[in-house]
Amino acid sequence: MKAKVILLIMQNNISSKYFTEYQYIEINIKGVVDTSSARDVFAHAFSMMKIHQCNKVFFDFSETLSLSTTADNFHFAKHIPEMTNQHDLKWCIYYKNDPYMYESISNIIKTLGVDRIKIIDNETIAKEWLLND
């Protein structure tokens with residue numbers, strides 16, 4: 001896909017692109033993540049959404065490893081609805097590593113009734129879901 005790069009940030013291993021043709025933001029994260037850095041990524045996503053007036057975000061966590069404990073992940077996932085319920089959004093989180101962690105978070109947010117955020121381990125399927133209205 002062609003990207004018109006409006007804002008490219010490489011701070012704390014986070015880079016962003018806005019795809020004008022498909023009207024979505026892609027945020028790539030690399031390295032080690034914990035719940036604090038995940039909050040930073042979400043904050044970055046909200047600022048990008050505001051800049052581009054775009055509610056679709058593709059998070060690429062495929063090149064990350066988590067240092068979070070199971071308890072940290074549970075606590076973080078439990079607060080995702082609070083962080084996101086004020087926004088009309090559609091987010092997809094793509095991952096390769098740490099499947100237990102991502103599947104656990106996915107199950108928690110499903111249980112909490114969050115259906116506008118999906119966590120998927122296949123990049124093609126993840127982007128198809130995001131771009132399908």
# chains A, B, ... in the order shown; residues from 1 in each chain; ligands from 1
>>> select_by_dssp(residues="segment 3-121 of chain A", states="alpha helix (DSSP H)", output="PyMOL selection string")
chain A and resi 35-52+70-78+80-84+99-111
>>> residues_around(residues="segment 85-93 of chain A", least_positions_apart="5", cutoff="9 Å", atoms="only C-alpha atoms", output="list in words")
Phe46, Met49, Cys54, Asn55, Lys56, Val57, Phe58, Phe59, Asp60, Phe61, Ile80, Tyr102, Val114, Asp115, Arg116, Ile117, Lys118, Ile119, Ile120, Asp121, Ala126, Lys127, Trp129 and Leu130 of chain A
>>> select_by_dssp(residues="chain A", states="strand (DSSP E or B)", output="PyMOL selection string")
chain A and resi 4+11+14-19+24-33+56-66+90-94+117-120
>>> closest_residue(among="A:Met101, A:Tyr18, A:Pro81, A:Gln53", to="Asp34 of chain A", atoms="only C-alpha atoms")
A:Met101
>>> residues_around(residues="segment 35-42 of chain A", least_positions_apart="2", cutoff="12 Å", atoms="only C-alpha atoms", output="ChimeraX atom specification")
/A:9-16,26-33,44-49,57-61,64-80,83-84,89,91-93,101,105
>>> atom_distance(atom1="atom CA of Asn97 of chain A", atom2="atom CA of Ile109 of chain A")
19.1 Å
>>> atom_distance(atom1="atom CA of Glu63 of chain A", atom2="atom CA of Gly113 of chain A")
28.0 Å
>>> atom_distance(atom1="atom CA of Tyr94 of chain A", atom2="atom CA of Thr111 of chain A")
19.5 Å
>>> closest_residue(among="A:Glu103, A:Lys50, A:Ile108, A:Phe19", to="Leu131 of chain A", atoms="only C-alpha atoms")
A:Phe19
